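Raw upload.txt, compact mmCIF, C-alpha atoms:
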```
# COMPACT_ATOMS: atom_id res chain seq x y z
CA MET A 1 -44.41 59.10 -15.05
CA ARG A 2 -41.05 60.25 -14.01
CA VAL A 3 -41.09 57.87 -11.06
CA ARG A 4 -41.82 54.96 -13.36
CA ALA A 5 -39.02 55.95 -15.70
CA ILE A 6 -36.56 56.03 -12.82
CA LEU A 7 -37.80 52.65 -11.63
CA THR A 8 -37.42 51.09 -15.08
CA SER A 9 -33.92 52.39 -15.47
CA ALA A 10 -33.06 51.17 -11.97
CA VAL A 11 -34.34 47.71 -12.85
CA ALA A 12 -32.36 47.76 -16.06
CA ALA A 13 -29.24 48.79 -14.20
CA LEU A 14 -29.77 46.00 -11.69
CA ALA A 15 -30.22 43.44 -14.46
CA ALA A 16 -27.05 44.64 -16.15
CA ALA A 17 -25.15 44.37 -12.91
CA ALA A 18 -26.45 40.85 -12.38
CA LEU A 19 -25.38 39.91 -15.90
CA ALA A 20 -21.93 41.32 -15.34
CA CYS A 21 -21.65 39.35 -12.13
CA ALA A 22 -22.68 36.14 -13.84
CA ALA A 23 -20.19 36.73 -16.62
CA ALA A 24 -17.40 37.38 -14.13
CA SER A 25 -18.11 34.22 -12.18
CA ALA A 26 -18.29 32.19 -15.38
CA ILE A 27 -14.82 33.36 -16.30
CA ALA A 28 -13.41 32.85 -12.81
CA ALA A 29 -14.84 29.34 -12.30
CA PRO A 30 -12.26 27.23 -14.19
CA ASP A 31 -9.39 28.79 -12.22
CA ARG A 32 -10.80 27.90 -8.85
CA PRO A 33 -9.67 24.45 -7.68
CA ASP A 34 -12.62 22.12 -7.42
CA PRO A 35 -11.55 18.84 -5.78
CA VAL A 36 -15.07 17.40 -5.91
CA ALA A 37 -15.24 17.82 -9.67
CA ASP A 38 -11.63 16.61 -9.98
CA ALA A 39 -12.36 13.40 -8.13
CA LYS A 40 -15.45 12.76 -10.22
CA ALA A 41 -13.53 13.36 -13.46
CA PHE A 42 -10.63 11.22 -12.25
CA GLN A 43 -12.90 8.31 -11.37
CA ASN A 44 -14.87 8.66 -14.61
CA PHE A 45 -11.70 8.61 -16.64
CA PHE A 46 -10.74 5.20 -15.25
CA THR A 47 -14.19 3.64 -15.39
CA ARG A 48 -14.52 4.74 -19.01
CA LYS A 49 -11.05 3.57 -19.95
CA PHE A 50 -11.60 0.19 -18.27
CA PRO A 51 -15.34 -0.50 -18.51
CA LYS A 52 -14.85 -4.19 -17.68
CA VAL A 53 -13.02 -3.63 -14.40
CA LYS A 54 -15.21 -3.83 -11.33
CA TYR A 55 -15.00 -0.50 -9.54
CA GLU A 56 -13.75 -1.85 -6.20
CA ASP A 57 -11.11 -3.85 -8.05
CA PHE A 58 -9.10 -0.75 -9.00
CA VAL A 59 -7.52 -0.83 -5.55
CA ASN A 60 -5.83 -4.07 -6.54
CA GLY A 61 -3.51 -2.26 -8.91
CA PRO A 62 -2.00 -4.33 -11.72
CA TYR A 63 -4.22 -7.31 -10.86
CA SER A 64 -7.28 -5.34 -11.93
CA MET A 65 -5.70 -4.84 -15.35
CA ASN A 66 -4.80 -8.41 -16.26
CA GLU A 67 -6.87 -11.57 -15.78
CA ASP A 68 -3.96 -13.97 -15.73
CA LEU A 69 -2.14 -11.93 -13.11
CA HIS A 70 -5.41 -11.68 -11.14
CA ARG A 71 -5.69 -15.47 -10.92
CA GLN A 72 -2.09 -15.83 -9.77
CA TRP A 73 -2.68 -13.16 -7.16
CA GLU A 74 -5.83 -14.80 -5.81
CA GLU A 75 -3.82 -17.94 -5.25
CA LYS A 76 -1.04 -15.95 -3.60
CA GLU A 77 -3.49 -14.15 -1.31
CA GLN A 78 -4.29 -17.46 0.39
CA PHE A 79 -0.81 -17.24 1.82
CA PRO A 80 0.32 -13.69 1.28
CA PRO A 81 3.97 -12.69 1.52
CA TYR A 82 3.15 -9.79 3.87
CA GLU A 83 2.03 -12.16 6.63
CA PHE A 84 5.25 -11.97 8.58
CA ALA A 85 5.24 -8.17 8.48
CA LEU A 86 1.60 -8.12 9.52
CA GLU A 87 2.29 -10.27 12.54
CA ALA A 88 5.34 -8.22 13.49
CA GLY A 89 3.29 -5.05 13.13
CA LYS A 90 0.53 -6.37 15.34
CA GLU A 91 3.02 -7.23 18.03
CA MET A 92 4.82 -3.89 17.75
CA PHE A 93 1.54 -2.01 17.90
CA ALA A 94 0.57 -3.70 21.14
CA THR A 95 4.00 -3.37 22.79
CA PRO A 96 4.16 -0.38 25.15
CA PHE A 97 6.88 2.28 24.88
CA LYS A 98 9.35 2.75 27.71
CA ASN A 99 6.96 5.26 29.32
CA GLY A 100 4.17 2.65 29.37
CA LYS A 101 2.04 4.26 26.66
CA THR A 102 1.26 2.58 23.36
CA TYR A 103 0.58 3.58 19.77
CA ALA A 104 -3.11 3.18 20.51
CA ASP A 105 -2.91 6.22 22.82
CA CYS A 106 -1.85 8.45 19.91
CA PHE A 107 -4.73 7.62 17.59
CA PRO A 108 -8.49 7.96 17.49
CA ASN A 109 -10.35 4.69 18.10
CA LYS A 110 -7.12 3.25 19.55
CA GLY A 111 -5.68 3.07 16.04
CA ASN A 112 -8.17 0.46 14.87
CA GLY A 113 -9.77 0.80 11.46
CA ILE A 114 -8.62 4.36 10.82
CA ARG A 115 -6.36 3.95 7.78
CA GLN A 116 -9.06 5.43 5.51
CA ASN A 117 -8.78 8.83 7.26
CA TYR A 118 -5.10 9.27 6.39
CA PRO A 119 -3.57 11.49 5.19
CA TYR A 120 -5.50 14.33 6.77
CA PHE A 121 -4.96 18.07 6.74
CA ASP A 122 -3.85 19.34 10.12
CA GLU A 123 -5.21 22.86 10.51
CA LYS A 124 -2.89 23.66 13.41
CA GLU A 125 0.24 22.77 11.49
CA GLY A 126 -1.18 23.92 8.17
CA LYS A 127 0.15 20.81 6.47
CA VAL A 128 -0.83 17.31 5.41
CA VAL A 129 -0.17 14.58 7.98
CA THR A 130 0.25 11.05 6.67
CA LEU A 131 -0.08 7.87 8.69
CA GLU A 132 3.67 7.27 8.55
CA LEU A 133 4.34 10.76 9.84
CA ALA A 134 1.75 10.38 12.59
CA LEU A 135 3.36 7.11 13.70
CA ASN A 136 6.82 8.62 13.98
CA ARG A 137 5.44 11.67 15.77
CA CYS A 138 3.75 9.31 18.20
CA ARG A 139 7.10 7.65 18.83
CA GLU A 140 8.90 10.95 19.32
CA ALA A 141 6.20 12.30 21.61
CA ASN A 142 6.77 9.24 23.78
CA GLY A 143 10.53 9.59 23.86
CA GLU A 144 11.32 6.92 21.28
CA ALA A 145 13.59 7.29 18.25
CA PRO A 146 11.70 7.60 14.96
CA TYR A 147 11.75 4.72 12.48
CA SER A 148 13.00 4.82 8.91
CA TYR A 149 10.10 5.89 6.70
CA VAL A 150 11.00 3.47 4.01
CA LYS A 151 10.62 -0.11 5.20
CA ASP A 152 10.81 -2.71 7.95
CA GLU A 153 9.23 -1.45 11.17
CA MET A 154 7.31 1.41 9.56
CA ALA A 155 5.95 -0.90 6.87
CA ALA A 156 4.99 -3.50 9.46
CA LEU A 157 3.12 -0.95 11.58
CA THR A 158 1.26 0.59 8.62
CA ALA A 159 0.53 -2.92 7.33
CA TYR A 160 -1.17 -3.79 10.58
CA MET A 161 -3.12 -0.53 10.68
CA ALA A 162 -4.24 -0.98 7.06
CA PHE A 163 -5.27 -4.54 7.81
CA THR A 164 -7.59 -3.50 10.62
CA SER A 165 -9.17 -1.03 8.17
CA ARG A 166 -9.66 -3.39 5.24
CA GLY A 167 -12.87 -2.74 3.38
CA ASN A 168 -13.38 0.68 4.97
CA LYS A 169 -13.94 3.30 2.32
CA MET A 170 -11.27 5.94 1.80
CA ASP A 171 -12.57 9.09 3.44
CA ILE A 172 -10.22 12.03 2.96
CA LYS A 173 -11.55 15.46 3.81
CA ILE A 174 -10.41 18.83 2.56
CA PRO A 175 -11.35 21.25 5.33
CA ASP A 176 -12.52 24.77 4.56
CA ASP A 177 -9.03 26.21 4.75
CA PRO A 178 -7.18 27.81 1.82
CA ARG A 179 -3.99 26.02 2.90
CA ALA A 180 -5.70 22.63 2.60
CA LEU A 181 -6.83 23.45 -0.91
CA GLU A 182 -3.33 24.66 -1.69
CA ALA A 183 -1.85 21.38 -0.42
CA TYR A 184 -4.28 19.45 -2.60
CA GLU A 185 -3.44 21.60 -5.63
CA ASN A 186 0.25 21.23 -4.93
CA GLY A 187 -0.09 17.44 -4.83
CA LYS A 188 -2.05 17.47 -8.05
CA ARG A 189 0.58 19.66 -9.70
CA TYR A 190 3.32 17.28 -8.53
CA PHE A 191 1.40 14.32 -9.94
CA TYR A 192 1.05 15.84 -13.41
CA THR A 193 4.47 17.50 -13.69
CA ARG A 194 7.10 15.80 -15.82
CA ARG A 195 10.52 15.35 -14.26
CA GLY A 196 13.70 13.34 -14.46
CA GLN A 197 15.87 12.32 -17.41
CA LEU A 198 13.05 10.25 -18.87
CA ASN A 199 10.71 13.22 -18.61
CA PHE A 200 7.89 11.21 -17.04
CA SER A 201 5.20 12.49 -14.76
CA CYS A 202 3.42 10.18 -12.32
CA ALA A 203 0.47 10.43 -14.70
CA THR A 204 2.48 9.26 -17.72
CA CYS A 205 2.52 5.74 -16.30
CA HIS A 206 -0.44 5.65 -13.97
CA VAL A 207 -3.06 7.64 -15.92
CA GLN A 208 -1.98 7.33 -19.54
CA SER A 209 -0.70 3.76 -19.46
CA PRO A 210 -2.16 1.57 -16.71
CA GLY A 211 -2.45 -2.01 -17.90
CA GLU A 212 0.48 -1.52 -20.28
CA ARG A 213 3.75 -3.24 -19.58
CA ILE A 214 6.84 -1.48 -18.39
CA ARG A 215 9.40 -4.20 -18.98
CA ALA A 216 7.87 -7.23 -17.26
CA GLU A 217 5.61 -5.26 -14.92
CA ILE A 218 2.05 -4.22 -15.53
CA LEU A 219 1.39 -0.62 -14.59
CA ALA A 220 -1.17 0.04 -11.89
CA PRO A 221 -3.95 2.61 -12.31
CA ALA A 222 -3.53 5.75 -10.22
CA LEU A 223 -7.12 5.38 -9.01
CA GLY A 224 -7.00 3.60 -5.65
CA ILE A 225 -3.23 3.17 -5.74
CA MET A 226 -2.88 4.42 -2.14
CA ASN A 227 -5.56 2.06 -0.83
CA ALA A 228 -3.20 -0.92 -1.06
CA MET A 229 -0.27 0.63 0.82
CA PRO A 230 2.01 -0.58 2.27
CA ILE A 231 3.02 -3.32 -0.15
CA TYR A 232 5.19 -6.37 -0.27
CA ARG A 233 6.99 -6.24 -3.59
CA SER A 234 8.54 -9.39 -4.93
CA GLU A 235 11.06 -7.18 -6.71
CA TRP A 236 12.19 -5.76 -3.35
CA SER A 237 11.59 -9.10 -1.64
CA SER A 238 10.42 -7.02 1.30
CA MET A 239 7.79 -4.59 2.45
CA GLY A 240 7.76 -0.96 1.42
CA THR A 241 5.83 2.08 2.55
CA THR A 242 4.18 4.79 0.51
CA SER A 243 7.39 6.82 0.94
CA ARG A 244 9.44 3.98 -0.51
CA ARG A 245 7.06 3.65 -3.45
CA PHE A 246 7.25 7.36 -4.29
CA MET A 247 11.03 7.40 -4.00
CA THR A 248 11.55 4.38 -6.25
CA CYS A 249 9.05 5.77 -8.78
CA ASN A 250 11.15 8.93 -8.89
CA SER A 251 14.45 7.14 -9.31
CA GLN A 252 13.00 4.81 -11.96
CA THR A 253 12.19 7.84 -14.10
CA ARG A 254 15.73 9.02 -13.32
CA ALA A 255 14.57 11.91 -11.24
CA VAL A 256 16.16 12.73 -7.91
CA PRO A 257 13.89 11.35 -5.18
CA LEU A 258 12.82 13.74 -2.46
CA GLU A 259 13.29 13.13 1.23
CA PRO A 260 10.63 10.77 2.59
CA GLN A 261 7.67 12.71 4.01
CA SER A 262 8.75 15.95 2.34
CA ASP A 263 5.90 18.39 1.72
CA GLU A 264 5.51 17.39 -1.95
CA TYR A 265 5.20 13.68 -1.13
CA ARG A 266 2.71 14.43 1.61
CA ASP A 267 0.69 16.57 -0.78
CA VAL A 268 0.71 14.05 -3.61
CA GLU A 269 -0.44 11.36 -1.17
CA TYR A 270 -3.23 13.73 -0.12
CA PHE A 271 -4.28 14.30 -3.72
CA LEU A 272 -4.16 10.60 -4.69
CA SER A 273 -6.05 9.52 -1.60
CA TYR A 274 -8.69 12.21 -2.02
CA VAL A 275 -9.51 11.23 -5.60
CA ALA A 276 -9.84 7.61 -4.41
CA ASN A 277 -12.48 8.54 -1.83
CA GLY A 278 -15.15 5.84 -1.63
CA LEU A 279 -12.85 3.01 -2.69
CA PRO A 280 -12.11 0.37 -0.04
CA ILE A 281 -8.79 0.02 1.78
CA SER A 282 -7.11 -3.16 0.54
CA GLY A 283 -3.70 -2.87 2.16
CA PRO A 284 -1.35 -4.38 2.92
CA GLY A 285 -0.90 -5.44 -0.69
CA ALA A 286 1.34 -7.86 -2.52
CA ARG A 287 2.81 -6.72 -5.82
CA PRO A 288 5.10 -8.40 -8.34
CA MET B 1 10.03 -15.91 19.07
CA ALA B 2 7.25 -16.74 16.73
CA SER B 3 7.79 -19.70 14.45
CA THR B 4 9.45 -19.10 11.10
CA ILE B 5 7.06 -21.58 9.53
CA ARG B 6 3.45 -20.95 8.52
CA VAL B 7 1.49 -23.97 7.39
CA ARG B 8 -2.00 -24.64 6.21
CA ALA B 9 -2.93 -28.23 5.45
CA THR B 10 -6.44 -29.10 4.35
CA ALA B 11 -7.76 -32.58 3.68
CA ASN B 12 -10.26 -32.95 0.88
CA GLY B 13 -11.31 -36.58 0.55
CA ASP B 14 -8.19 -38.63 0.12
CA THR B 15 -5.95 -35.74 -0.83
CA THR B 16 -4.33 -33.29 1.54
CA GLU B 17 -3.24 -29.95 0.18
CA VAL B 18 -0.36 -28.29 1.98
CA GLN B 19 0.76 -24.70 1.74
CA ALA B 20 3.70 -23.38 3.67
CA LEU B 21 5.54 -20.11 3.98
CA ILE B 22 8.94 -20.02 5.62
CA GLN B 23 10.70 -16.95 6.87
CA HIS B 24 14.36 -17.13 5.90
CA PRO B 25 16.80 -14.67 4.28
CA MET B 26 18.01 -17.29 1.75
CA ASP B 27 21.19 -15.33 1.01
CA SER B 28 22.91 -16.80 -1.99
CA GLY B 29 26.43 -15.63 -1.15
CA PHE B 30 26.69 -13.74 -4.44
CA VAL B 31 25.18 -10.47 -3.28
CA LYS B 32 27.02 -7.49 -1.82
CA ASP B 33 25.65 -5.17 0.82
CA ALA B 34 25.63 -1.36 0.68
CA GLN B 35 29.26 -1.28 1.89
CA GLY B 36 30.38 -3.58 -0.93
CA GLN B 37 30.93 -6.55 1.39
CA ILE B 38 29.73 -9.97 0.29
CA ILE B 39 26.70 -11.13 2.26
CA PRO B 40 27.74 -14.65 3.32
CA PRO B 41 25.63 -17.54 2.03
CA HIS B 42 22.79 -18.42 4.36
CA PHE B 43 20.10 -20.66 2.97
CA ILE B 44 17.90 -23.62 3.83
CA GLN B 45 19.45 -26.88 2.72
CA GLN B 46 16.76 -29.32 3.61
CA LEU B 47 13.06 -28.96 4.14
CA THR B 48 10.97 -31.92 5.34
CA PHE B 49 7.25 -32.53 5.77
CA GLU B 50 6.46 -35.64 7.81
CA HIS B 51 3.18 -37.44 8.32
CA ASN B 52 3.14 -40.27 10.88
CA GLY B 53 6.94 -40.33 10.91
CA LYS B 54 7.11 -40.76 7.16
CA ALA B 55 8.51 -38.02 4.94
CA VAL B 56 5.87 -37.01 2.42
CA PHE B 57 7.85 -34.14 0.97
CA LEU B 58 11.59 -33.61 1.07
CA ALA B 59 13.35 -30.71 -0.60
CA ASN B 60 17.09 -30.28 -1.01
CA TRP B 61 17.41 -26.59 -1.51
CA GLY B 62 20.26 -24.34 -2.54
CA ALA B 63 21.13 -20.72 -3.02
CA ALA B 64 18.75 -20.24 -5.93
CA VAL B 65 15.56 -20.38 -3.87
CA SER B 66 14.00 -17.02 -3.08
CA LYS B 67 13.82 -15.25 0.26
CA ASP B 68 10.84 -16.27 2.46
CA PRO B 69 10.07 -19.29 0.27
CA TYR B 70 6.58 -20.57 -0.37
CA VAL B 71 5.77 -24.24 -0.99
CA LYS B 72 2.59 -25.89 -2.13
CA PHE B 73 2.00 -29.59 -2.75
CA SER B 74 -0.54 -32.30 -2.09
CA PHE B 75 -0.29 -35.89 -0.97
CA LYS B 76 -2.55 -38.86 -0.31
CA GLY B 77 -3.12 -40.97 2.75
CA ALA B 78 -3.76 -38.43 5.50
CA GLY B 79 -7.01 -37.46 7.17
CA LYS B 80 -8.46 -34.53 9.11
CA GLY B 81 -6.91 -34.12 12.55
CA ASP B 82 -3.62 -35.81 11.65
CA ASP B 83 -0.36 -34.12 12.56
CA LEU B 84 2.00 -32.80 9.93
CA LYS B 85 5.52 -32.06 11.10
CA ILE B 86 7.58 -29.51 9.19
CA SER B 87 11.25 -28.83 9.72
CA TRP B 88 14.15 -27.16 7.98
CA VAL B 89 17.92 -27.09 8.41
CA ASP B 90 20.09 -24.36 6.92
CA ASN B 91 23.76 -24.24 5.93
CA LYS B 92 24.71 -22.68 9.28
CA GLY B 93 23.13 -25.56 11.13
CA ALA B 94 20.16 -23.53 12.34
CA THR B 95 16.84 -25.32 12.36
CA ASP B 96 13.17 -24.84 13.09
CA THR B 97 10.31 -27.26 13.51
CA THR B 98 6.60 -26.91 13.80
CA THR B 99 3.63 -29.24 13.84
CA ALA B 100 0.35 -28.44 12.18
CA LYS B 101 -3.02 -30.19 12.38
CA ILE B 102 -4.54 -31.17 9.05
CA GLN B 103 -7.92 -29.47 8.76
```
Take the structure in the file and write it out as structure tokens.
Amino acid sequence: MRVRAILTSAVAALAAAALACAAASAIAAPDRPDPVADAKAFQNFFTRKFPKVKYEDFVNGPYSMNEDLHRQWEEKEQFPPYEFALEAGKEMFATPFKNGKTYADCFPNKGNGIRQNYPYFDEKEGKVVTLELALNRCREANGEAPYSYVKDEMAALTAYMAFTSRGNKMDIKIPDDPRALEAYENGKRYFYTRRGQLNFSCATCHVQSPGERIRAEILAPALGIMNAMPIYRSEWSSMGTTSRRFMTCNSQTRAVPLEPQSDEYRDVEYFLSYVANGLPISGPGARP
Amino acid sequence: MASTIRVRATANGDTTEVQALIQHPMDSGFVKDAQGQIIPPHFIQQLTFEHNGKAVFLANWGAAVSKDPYVKFSFKGAGKGDDLKISWVDNKGATDTTTAKIQ
């Protein structure tokens, strides 16, 4: 009898402990970053907001939001304005450095069709490495001066690398490393934080208002916005990199732009690319 | 150096559709650079498309045309395999010419 009583109370104690555990984990769950759930929620938000837009079309930015603009763009794509940059990039990519090595030696698969894997989290450095950063590091490792992150050569090189990766699905990984998760969270925080005199966050325009006009422009959805980089903007009448895009976004909301390839920009690129996983690379793009 | 002119000409029945993209700064002469110095005018003044020695499209351009201009037009009387000669002259006397096959 006594044995049974002890057993029953032990079972009861165990059950109570299990309950307490379950309760604790239920409370802790919302605080733990969950990129998989984030990406799902992010994608669902856009597909619900724009049920008529074909999923793969989100990577085409403002053109996915407006039929008239889409038709004009299709016409333009027959002879896209980034062609000169693309050709220059192809030539630059194939031209050896002074030491005889080439860009291809710095990248997996000789740099072909790898755009979808950038940015990636480098576990040695403990930071996010973007394609632009990797290109300049490749130059420096081979004794060449780094390029400006904003335009011209850098945009031409990334344009060529994006072009060889067209149609490949964005495939950003968050390794099992607390620093990687922290970088992702940091990028997400940057994306949703208001800043500048106009008190805009990235999300104000690109989550709340895609498809709306900002002056004459139509705002692009944040979903897949990295897939089209780099872009030829008619407003710039030249090519621009992801860095250039972030910096002009900041100054347009009257915030002080950060240095190109600063940690925050790298992290926000990581976040935006991760939530666009599965969407095809469409860069280089042409934008109004 | 690679040509500054990209052309695509496609014949469809009697009509040939021509698209061209030209790489040129097209500086108007009214814009200042980062140091506040005027960027001197530098733009294409004449653009010509010739088929069998006959000009089928002639444009007298000025400072108001955008950088890296794009042109599209169609004309009649050419067939597949014909040559189309494209040339431009700018206000500094520079010039470029290319010949494209009509497809």
Can you build me a table of chain B residues sitting at most 8 Å from chain A, with the closest atom pair per residue and its distance in Å to one decimal, using all atoms listed in the file, sorted by chain and residue number, as a Markdown table?
```
| residue | atom | partner | partner_atom | distance |
| --- | --- | --- | --- | --- |
| B:Gln19 | CA | A:Phe79 | CA | 7.6 |
| B:Ala20 | CA | A:Phe79 | CA | 7.8 |
| B:Leu21 | CA | A:Phe79 | CA | 7.3 |
| B:Gln23 | CA | A:Phe84 | CA | 7.6 |
| B:Lys67 | CA | A:Ser237 | CA | 6.8 |
| B:Asp68 | CA | A:Pro81 | CA | 7.8 |
```
Separation of atom CA of Ile22 of chain B from atom CA of Ile5 of chain B, in Å and rounded to one decimal: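 So the answer is 4.6 Å.
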What's the separation between atom CA of Thr97 of chain B and atom CA of Leu157 of chain A, in Å to one decimal place?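 Between atom CA of Thr97 of chain B and atom CA of Leu157 of chain A the gap works out to 27.3 Å.
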Could you tell me which of B:Thr48, B:Gln103, B:Gln35, B:Ser74 comes closest to Ile86 of chain B if we count only C-alpha atoms?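 Going through B:Thr48, B:Gln103, B:Gln35, B:Ser74 one by one, the smallest distance to Ile86 of chain B is for B:Thr48.
Nearest to Asn91 of chain B of all the residues B:Ser3, B:Thr15, B:Gln45, B:Ser28 is B:Gln45, based on all atoms listed in the file.
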